[in-house]
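Colleague: Shown below is the structure under consideration.
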Amino acid sequence: FTPNNVYRNTTVTISNDNAINVKHTSKRSGAESAGVRYYYREKSQADREKVYLQGLSKDFPNASLKKLDFTGLDTVTNVVSTEVEFDVPEYVSQSGRFKFLKLPWADKLEPNEALANAKRLYPIVSYAHEDTLSEQLVVKLPKGYVAEDLTPKVRYTSPVADYSVTYKLSGSSLVATREFVQKKNIVQPDEFAAYKKFYNDALKEDTKQIVLRKK
């Protein structure tokens with residue numbers, strides 16, 4: 001049995017004009033690797049880039065793809081690796097001495113309509129294929145800027161899943177590490193309220209803006 005895991009490492013460089021350059025590597029195992037292999041293996045490089053950019057554009061409408069490489073598409077190993085580089089213009093917002101950065105997590109949570117109600121009479125089935133999603137994101141801060149008001153560690157737990165993010169400063173970089181562990185795929189009605197709070201708390205953390213202040 002091979003776990004269905006995704007491990008990512010991302011480096012983000014912020015330029016003076018508030019654009020970002022993102023260099024991203026990922027390793028997928030189990031069913032996750034099989035899915036990527038099935039979807040991309042028979043496509044030409046041009047078609048792979050076209051399809052990948054379409055998905056990228058949902059989160060970064062003006063992104064330009066600079067590099068897309070796969071390792072393991074043509075093998076029977078349980079791991080497929082991806083290496084990506086892309087640019088996003090005007091991604092960071094700015095007001096006076098402050099810049100505001102929303103961390104570009106690859107697997108950030110999205111609002112879930114199934115959690116809109118106050119209570120639930122029937123179970124919710126999650127069709128997530130991943131057991132563990134892990135990403136380390138290194139942000140190279142603009143010269144003369146520091147990150148403000150960081151909470152070193154945030155952790156939320158529920159009977160269905162666990163979520164954690166850690167933040168630390170390393171030289172002139174911000175290092176953030178995120179992990180989401182799916183423990184089961186069915187949310188029972190008596191678990192709904194706790195899971196709804198858990199999910200919305202994690203969603204808020206995924207989408208918050210990091211404040212960068214000019215020294």
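Starting from 1 in every chain, residues are counted up; chains themselves are A, B, ... following the order of the structure tokens, and ligands are numbered from 1 as listed.
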Which residues of region 134-177 of chain A have any atom within 12 Å of an atom in region 20-41 of chain A when counting only C-alpha atoms, and what is the closest pair of atoms for each, with the distance in Å to one decimal? Order the rows by chain and rising number and write it as a Markdown table.
Modeller:
```
| residue | atom | partner | partner_atom | distance |
| --- | --- | --- | --- | --- |
| A:Ser134 | CA | A:Ser26 | CA | 9.5 |
| A:Glu135 | CA | A:Ser26 | CA | 8.6 |
| A:Gln136 | CA | A:His24 | CA | 9.9 |
| A:Leu137 | CA | A:His24 | CA | 8.9 |
| A:Val138 | CA | A:Val22 | CA | 9.8 |
| A:Val139 | CA | A:Val22 | CA | 9.3 |
| A:Lys140 | CA | A:Ile20 | CA | 9.8 |
| A:Leu141 | CA | A:Ile20 | CA | 10.5 |
| A:Pro142 | CA | A:Ile20 | CA | 10.5 |
```
Colleague: Please return as a short mmCIF file (atom, residue, chain, number, x, y, z; two decimals) with N, CA and C atoms, in the first residue's frame: the residues of region 61-214 of chain A that backbone DSSP assigns to alpha helix (DSSP H).
Modeller:
```
data_model
loop_
_atom_site.label_atom_id
_atom_site.label_comp_id
_atom_site.auth_asym_id
_atom_site.auth_seq_id
_atom_site.Cartn_x
_atom_site.Cartn_y
_atom_site.Cartn_z
N PHE A 192 -20.58 17.41 12.14
CA PHE A 192 -20.69 18.50 11.17
C PHE A 192 -20.28 19.84 11.76
N ALA A 193 -20.79 20.20 12.93
CA ALA A 193 -20.50 21.52 13.50
C ALA A 193 -19.01 21.70 13.76
N ALA A 194 -18.38 20.67 14.32
CA ALA A 194 -16.94 20.75 14.60
C ALA A 194 -16.14 20.82 13.32
N TYR A 195 -16.54 20.03 12.32
CA TYR A 195 -15.80 20.04 11.06
C TYR A 195 -15.99 21.37 10.33
N LYS A 196 -17.18 21.93 10.38
CA LYS A 196 -17.43 23.22 9.73
C LYS A 196 -16.53 24.30 10.32
N LYS A 197 -16.43 24.34 11.66
CA LYS A 197 -15.56 25.32 12.30
C LYS A 197 -14.10 25.06 11.92
N PHE A 198 -13.69 23.81 11.98
CA PHE A 198 -12.32 23.45 11.59
C PHE A 198 -12.01 23.92 10.17
N TYR A 199 -12.89 23.60 9.24
CA TYR A 199 -12.64 23.93 7.83
C TYR A 199 -12.59 25.43 7.61
N ASN A 200 -13.52 26.15 8.20
CA ASN A 200 -13.55 27.60 7.99
C ASN A 200 -12.36 28.30 8.64
N ASP A 201 -11.90 27.78 9.79
CA ASP A 201 -10.69 28.33 10.42
C ASP A 201 -9.47 28.11 9.53
N ALA A 202 -9.36 26.89 8.97
CA ALA A 202 -8.23 26.58 8.09
C ALA A 202 -8.30 27.40 6.79
N LEU A 203 -9.50 27.56 6.26
CA LEU A 203 -9.69 28.37 5.06
C LEU A 203 -9.25 29.81 5.30
N LYS A 204 -9.60 30.36 6.45
CA LYS A 204 -9.21 31.73 6.77
C LYS A 204 -7.70 31.86 6.84
N GLU A 205 -7.03 30.85 7.42
CA GLU A 205 -5.57 30.90 7.51
C GLU A 205 -4.93 30.78 6.13
N ASP A 206 -5.49 29.94 5.27
CA ASP A 206 -4.96 29.75 3.92
C ASP A 206 -5.01 31.02 3.09
N THR A 207 -6.01 31.84 3.33
CA THR A 207 -6.26 32.99 2.46
C THR A 207 -5.87 34.33 3.09
#
```
Colleague: Considering only C-alpha atoms, can you say which of A:Ala147, A:Val76, A:Leu133, A:Val211 comes closest to Glu179 (chain A)?
Modeller: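 With only C-alpha atoms as the atom set, the closest residue is A:Leu133.
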Colleague: Using only C-alpha atoms, determine which residues lie at most 7 Å from Lys153 (chain A), disregarding the query and same-chain residues fewer than 2 positions distant; provide the list as a compact mmCIF listing (two decimals) with all heavy atoms, in the first residue's frame.
Modeller:
```txt
# COMPACT_ATOMS: atom_id res chain seq x y z
N THR A 151 2.17 34.70 13.61
CA THR A 151 1.97 33.69 14.65
C THR A 151 2.84 32.49 14.29
O THR A 151 2.67 31.92 13.21
CB THR A 151 0.49 33.27 14.73
OG1 THR A 151 -0.32 34.41 14.98
CG2 THR A 151 0.28 32.23 15.82
N ARG A 155 -2.59 25.61 14.43
CA ARG A 155 -3.00 24.22 14.28
C ARG A 155 -4.49 24.07 14.57
O ARG A 155 -4.98 24.60 15.56
CB ARG A 155 -2.20 23.31 15.21
CG ARG A 155 -2.62 21.83 15.15
CD ARG A 155 -1.72 20.95 15.99
NE ARG A 155 -2.24 19.60 16.10
CZ ARG A 155 -2.10 18.66 15.17
NH1 ARG A 155 -1.43 18.93 14.06
NH2 ARG A 155 -2.60 17.46 15.34
N VAL A 165 0.04 25.13 10.11
CA VAL A 165 0.94 26.02 9.38
C VAL A 165 1.94 26.58 10.38
O VAL A 165 1.57 26.98 11.49
CB VAL A 165 0.21 27.19 8.70
CG1 VAL A 165 1.19 28.07 7.93
CG2 VAL A 165 -0.86 26.70 7.75
N THR A 166 3.21 26.60 10.01
CA THR A 166 4.23 27.25 10.82
C THR A 166 4.88 28.35 10.00
O THR A 166 4.98 28.25 8.77
CB THR A 166 5.30 26.26 11.30
OG1 THR A 166 5.98 25.70 10.16
CG2 THR A 166 4.69 25.15 12.14
N TYR A 167 5.31 29.40 10.69
CA TYR A 167 5.97 30.52 10.05
C TYR A 167 7.27 30.82 10.81
O TYR A 167 7.29 30.81 12.05
CB TYR A 167 5.10 31.79 10.10
CG TYR A 167 3.73 31.64 9.49
CD1 TYR A 167 2.63 31.35 10.31
CD2 TYR A 167 3.51 31.80 8.14
CE1 TYR A 167 1.36 31.23 9.77
CE2 TYR A 167 2.25 31.68 7.59
CZ TYR A 167 1.17 31.40 8.42
OH TYR A 167 -0.09 31.27 7.88
```
Colleague: From a backbone DSSP assignment, name each residue in region 163-213 of chain A labelled strand (DSSP E), as a PyMOL selection string.
Modeller: chain A and resi 163-170+173-182+186-187+209-213
